[in-house]
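Data block for model-v4.tsv (TSV, C-alpha atoms):
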```tsv
chain	number	residue	atom	x	y	z
A	1	MET	CA	0.00	0.00	0.00
A	2	THR	CA	2.87	2.38	-0.70
A	3	THR	CA	0.59	4.55	-2.82
A	4	LEU	CA	-1.34	5.62	0.26
A	5	GLY	CA	1.39	7.96	1.42
A	6	ILE	CA	5.03	8.65	2.04
A	7	TYR	CA	5.67	9.72	5.61
A	8	HIS	CA	8.93	11.51	6.39
A	9	PRO	CA	9.61	11.23	10.13
A	10	GLY	CA	10.44	14.43	11.95
A	11	ALA	CA	9.93	16.50	15.07
A	12	SER	CA	8.94	19.81	13.49
A	13	PRO	CA	5.84	21.69	14.69
A	14	LEU	CA	4.06	20.58	11.52
A	15	HIS	CA	4.82	16.93	12.29
A	16	ARG	CA	3.47	17.35	15.81
A	17	ALA	CA	0.32	19.20	14.73
A	18	PRO	CA	-2.93	17.18	14.86
A	19	ALA	CA	-3.89	15.56	11.59
A	20	ALA	CA	-7.33	17.18	11.68
A	21	ALA	CA	-5.75	20.63	11.95
A	22	LYS	CA	-3.46	19.93	9.00
A	23	LEU	CA	-6.30	18.64	6.83
A	24	THR	CA	-8.42	21.66	7.70
A	25	GLY	CA	-5.51	23.95	6.97
A	26	LEU	CA	-4.96	22.22	3.63
A	27	VAL	CA	-8.57	22.77	2.58
A	28	VAL	CA	-8.42	26.43	3.64
A	29	ALA	CA	-5.10	26.97	1.86
A	30	LEU	CA	-6.42	25.45	-1.38
A	31	ILE	CA	-9.51	27.65	-1.26
A	32	VAL	CA	-7.40	30.75	-0.61
A	33	LEU	CA	-5.06	29.86	-3.47
A	34	ALA	CA	-7.89	29.35	-5.93
A	35	ALA	CA	-9.69	32.52	-4.82
A	36	THR	CA	-6.78	34.97	-4.56
A	37	VAL	CA	-4.22	34.08	-7.22
A	38	ARG	CA	-5.41	35.88	-10.34
A	39	SER	CA	-2.18	37.01	-11.98
A	40	PRO	CA	1.28	35.47	-12.45
A	41	TRP	CA	3.02	37.83	-10.02
A	42	GLN	CA	0.73	36.68	-7.20
A	43	LEU	CA	2.29	33.23	-7.52
A	44	VAL	CA	5.56	34.59	-6.13
A	45	PRO	CA	4.46	35.23	-2.51
A	46	ALA	CA	2.41	32.02	-2.55
A	47	THR	CA	5.46	30.04	-3.68
A	48	VAL	CA	7.61	31.65	-0.98
A	49	LEU	CA	5.09	30.69	1.70
A	50	VAL	CA	4.87	27.09	0.49
A	51	ALA	CA	8.67	26.82	0.33
A	52	ALA	CA	8.89	28.23	3.85
A	53	ALA	CA	6.42	25.60	5.06
A	54	PHE	CA	8.59	22.82	3.58
A	55	ALA	CA	11.66	24.36	5.21
A	56	ALA	CA	9.90	24.63	8.58
A	57	ALA	CA	8.95	20.95	8.33
A	58	ARG	CA	12.59	20.14	7.50
A	59	ILE	CA	11.67	18.20	4.38
A	60	PRO	CA	14.79	17.51	2.28
A	61	ALA	CA	14.82	19.43	-0.99
A	62	ARG	CA	15.30	16.25	-3.01
A	63	LEU	CA	12.25	14.63	-1.43
A	64	ALA	CA	10.15	17.76	-1.93
A	65	LEU	CA	11.13	18.06	-5.58
A	66	ALA	CA	10.43	14.36	-6.12
A	67	GLN	CA	6.82	14.95	-5.04
A	68	LEU	CA	6.43	17.71	-7.63
A	69	ARG	CA	8.43	16.23	-10.50
A	70	THR	CA	5.80	13.56	-11.11
A	71	VAL	CA	3.09	16.12	-11.93
A	72	LEU	CA	5.10	18.11	-14.47
A	73	TRP	CA	3.85	16.05	-17.44
A	74	MET	CA	0.27	16.59	-16.36
A	75	LEU	CA	0.91	20.32	-15.99
A	76	ALA	CA	2.46	20.39	-19.47
A	77	PHE	CA	-0.80	19.12	-21.00
A	78	VAL	CA	-2.89	21.51	-18.92
A	79	GLY	CA	-0.56	24.39	-19.81
A	80	VAL	CA	-0.76	23.74	-23.56
A	81	PHE	CA	-4.55	23.57	-23.39
A	82	GLN	CA	-4.73	26.81	-21.40
A	83	VAL	CA	-2.33	28.65	-23.71
A	84	ILE	CA	-4.39	27.71	-26.74
A	85	PHE	CA	-7.77	28.67	-25.28
A	86	THR	CA	-7.07	31.30	-22.60
A	87	GLY	CA	-3.58	32.72	-23.17
A	88	TRP	CA	-0.18	32.30	-21.51
A	89	ARG	CA	-0.96	34.42	-18.45
A	90	ARG	CA	-3.97	32.34	-17.48
A	91	ALA	CA	-2.01	29.16	-18.27
A	92	LEU	CA	0.75	30.25	-15.90
A	93	VAL	CA	-1.76	30.99	-13.14
A	94	VAL	CA	-3.63	27.70	-13.55
A	95	CYS	CA	-0.47	25.58	-13.69
A	96	GLY	CA	1.10	27.50	-10.81
A	97	VAL	CA	-1.94	27.06	-8.58
A	98	LEU	CA	-2.13	23.35	-9.43
A	99	LEU	CA	1.57	22.86	-8.68
A	100	LEU	CA	1.31	24.69	-5.35
A	101	SER	CA	-1.82	22.70	-4.47
A	102	VAL	CA	0.01	19.42	-5.10
A	103	ALA	CA	2.94	20.71	-3.05
A	104	LEU	CA	0.68	21.51	-0.10
A	105	ALA	CA	-1.03	18.13	-0.32
A	106	ALA	CA	2.38	16.46	-0.46
A	107	LEU	CA	3.50	18.44	2.59
A	108	VAL	CA	0.53	17.15	4.55
A	109	THR	CA	1.16	13.54	3.59
A	110	LEU	CA	4.90	13.86	4.23
A	111	THR	CA	4.29	15.08	7.77
A	112	THR	CA	1.25	12.95	8.64
A	113	ARG	CA	1.00	9.22	9.11
A	114	VAL	CA	-1.71	7.67	6.96
A	115	MET	CA	-3.51	6.12	9.91
A	116	ASP	CA	-3.55	9.47	11.72
A	117	MET	CA	-5.06	11.05	8.62
A	118	LEU	CA	-7.72	8.39	8.29
A	119	ASP	CA	-8.61	8.62	11.98
A	120	ALA	CA	-8.89	12.41	11.75
A	121	VAL	CA	-11.21	12.27	8.75
A	122	ALA	CA	-13.32	9.58	10.42
A	123	ARG	CA	-13.73	11.75	13.53
A	124	MET	CA	-14.56	14.86	11.53
A	125	LEU	CA	-17.21	13.04	9.49
A	126	ALA	CA	-18.63	10.95	12.32
A	127	PRO	CA	-21.82	13.10	12.62
A	128	LEU	CA	-22.67	12.20	9.01
A	129	ARG	CA	-23.15	8.52	9.85
A	130	ARG	CA	-26.82	9.23	10.50
A	131	PHE	CA	-27.14	10.21	6.82
A	132	GLY	CA	-25.55	6.98	5.59
A	133	VAL	CA	-22.02	8.32	5.10
A	134	ASN	CA	-19.18	5.94	5.94
A	135	PRO	CA	-16.42	8.17	7.43
A	136	ASP	CA	-13.79	5.41	7.25
A	137	ARG	CA	-14.32	4.96	3.53
A	138	VAL	CA	-14.26	8.72	2.91
A	139	GLY	CA	-11.00	9.00	4.82
A	140	LEU	CA	-9.46	6.21	2.79
A	141	VAL	CA	-10.55	7.80	-0.49
A	142	LEU	CA	-9.05	11.14	0.60
A	143	ALA	CA	-5.70	9.62	1.53
A	144	MET	CA	-5.53	7.64	-1.70
A	145	THR	CA	-6.42	10.71	-3.76
A	146	LEU	CA	-3.60	12.74	-2.23
A	147	ARG	CA	-1.07	10.08	-3.18
A	148	CYS	CA	-2.50	8.78	-6.46
A	149	ILE	CA	-2.21	12.09	-8.33
A	150	PRO	CA	1.60	11.75	-8.42
A	151	LEU	CA	1.18	8.05	-9.20
A	152	LEU	CA	-0.85	8.78	-12.34
A	153	SER	CA	1.60	11.48	-13.37
A	154	GLY	CA	4.38	8.94	-12.94
A	155	LEU	CA	2.59	6.61	-15.35
A	156	VAL	CA	2.53	9.37	-17.96
A	157	ALA	CA	6.25	10.00	-17.44
A	158	ASP	CA	7.08	6.28	-17.73
A	159	VAL	CA	5.14	5.89	-20.97
A	160	THR	CA	6.72	9.00	-22.45
A	161	GLU	CA	10.23	7.85	-21.55
A	162	ALA	CA	9.55	4.40	-23.01
A	163	ARG	CA	8.42	5.96	-26.30
A	164	LYS	CA	11.52	8.15	-26.41
A	165	ALA	CA	13.74	5.14	-25.76
A	166	ARG	CA	12.17	3.41	-28.77
A	167	GLY	CA	12.67	6.49	-30.94
A	168	LEU	CA	8.93	7.02	-31.42
A	169	GLY	CA	7.46	10.47	-32.02
A	170	PHE	CA	4.73	12.12	-29.97
A	171	SER	CA	1.20	10.80	-30.39
A	172	LEU	CA	-1.65	11.69	-28.06
A	173	ARG	CA	-3.46	8.41	-28.74
A	174	ALA	CA	-0.31	6.33	-28.31
A	175	LEU	CA	0.31	8.11	-25.00
A	176	ALA	CA	-3.24	7.98	-23.67
A	177	VAL	CA	-3.94	4.28	-24.31
A	178	PRO	CA	-1.05	2.81	-22.26
A	179	VAL	CA	-1.60	5.39	-19.51
A	180	VAL	CA	-5.29	4.47	-19.21
A	181	VAL	CA	-4.47	0.75	-19.28
A	182	GLY	CA	-1.77	1.21	-16.66
A	183	ALA	CA	-4.10	3.26	-14.46
A	184	LEU	CA	-6.81	0.58	-14.68
A	185	ARG	CA	-4.33	-2.18	-13.82
A	186	THR	CA	-3.06	-0.16	-10.87
A	187	ALA	CA	-6.62	0.45	-9.71
A	188	ASP	CA	-7.37	-3.28	-9.91
A	189	ALA	CA	-4.25	-4.12	-7.93
A	190	MET	CA	-5.10	-1.54	-5.27
A	191	GLY	CA	-8.65	-2.82	-5.07
A	192	GLU	CA	-7.45	-6.38	-4.59
A	193	ALA	CA	-4.98	-5.24	-1.92
A	194	LEU	CA	-7.74	-3.37	-0.07
A	195	ALA	CA	-10.10	-6.33	-0.23
A	196	ALA	CA	-7.37	-8.71	0.93
A	197	ARG	CA	-6.86	-6.52	3.99
A	198	GLY	CA	-10.57	-6.41	4.73
A	199	VAL	CA	-10.79	-2.67	4.10
A	200	ASP	CA	-13.86	-2.87	1.89
A	201	ASP	CA	-16.77	-5.25	1.45
```

Could I get this file's structure written as structure tokens?
Amino acid sequence: MTTLGIYHPGASPLHRAPAAAKLTGLVVALIVLAATVRSPWQLVPATVLVAAAFAAARIPARLALAQLRTVLWMLAFVGVFQVIFTGWRRALVVCGVLLLSVALAALVTLTTRVMDMLDAVARMLAPLRRFGVNPDRVGLVLAMTLRCIPLLSGLVADVTEARKARGLGFSLRALAVPVVVGALRTADAMGEALAARGVDD
């Protein structure tokens, strides 16, 4: 279940903060990012704050960059689409916000044990049990989502590198098909692993 999260042990204030507080802070930070960053220059202070958070948590630079490197291919596709339909300024803002959002999510998972995260989500959603919501399942989906975005981006990178190694040119269809197949196989494997551990019915 390595796709559920990569925890980097530490004793920083962020490591010691309750998981519920970090998840709440993540949601607030993502909302603020999406609502306030409207021009490329506004990405600068946001980037400085995110970098400062990584430094305060004492996350090694190599580990932090590894979390972001896997989403670059996805951002490249989004950026090209945005440039064509909305212009380079909007493309820069959209890609910048997405990259910072992934960085913040990675910071939370790097400083929070998966079980602590799941327990926090389960406690926060406990009142919704009366409406038929399963807090444990919601918590699991949240944790998997935070870690599977880089996983899917890694699949894109692997397929692209394989095509380059074979000397093949770029083809959207030739890229999309193996990525989708790989994602479905990964999903099947994860589902089987969850069922084998009695996580789901």

Considering only C-alpha atoms, tabulate each residue of stretch 106-125 of chain A that lies at most 12 Å from stretch 64-84 of chain A along with its nearest interatomic pair and the corresponding distance in Å to one decimal; arrange the rows by chain and ascending residue number and present them as a tab-separated table.
```
residue	atom	partner	partner_atom	distance
A:Ala106	CA	A:Gln67	CA	6.6
A:Leu107	CA	A:Ala64	CA	8.1
A:Val108	CA	A:Ala64	CA	11.6
A:Thr109	CA	A:Gln67	CA	10.4
A:Leu110	CA	A:Ala64	CA	9.0
A:Thr111	CA	A:Ala64	CA	11.6
```

Using C-alpha atoms, can you write the selected residues to a file as a short mmCIF file (atom, residue, chain, number, x, y, z; two decimals), in the coordinates of the input?
```
data_model
loop_
_atom_site.label_atom_id
_atom_site.label_comp_id
_atom_site.auth_asym_id
_atom_site.auth_seq_id
_atom_site.Cartn_x
_atom_site.Cartn_y
_atom_site.Cartn_z
CA ALA A 106 2.38 16.46 -0.46
CA LEU A 107 3.50 18.44 2.59
CA VAL A 108 0.53 17.15 4.55
CA THR A 109 1.16 13.54 3.59
CA LEU A 110 4.90 13.86 4.23
CA THR A 111 4.29 15.08 7.77
#
```

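Between atom CA of A:Val181 and atom CA of A:Leu140 the separation is 23.3 Å.
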
Across A:Ala56, A:Val50, A:Leu92, A:Leu118, the smallest distance to A:Pro18, with all atoms listed in the file counted, is shown by A:Leu118

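Using only C-alpha atoms, the smallest distance between any of A:Ala196, A:Leu100, A:Ala174, A:Met115 and A:Val48 comes from A:Leu100.
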
Pairwise distance, atom CA of A:Cys95 with atom CA of A:Arg163, equals 25.0 Å
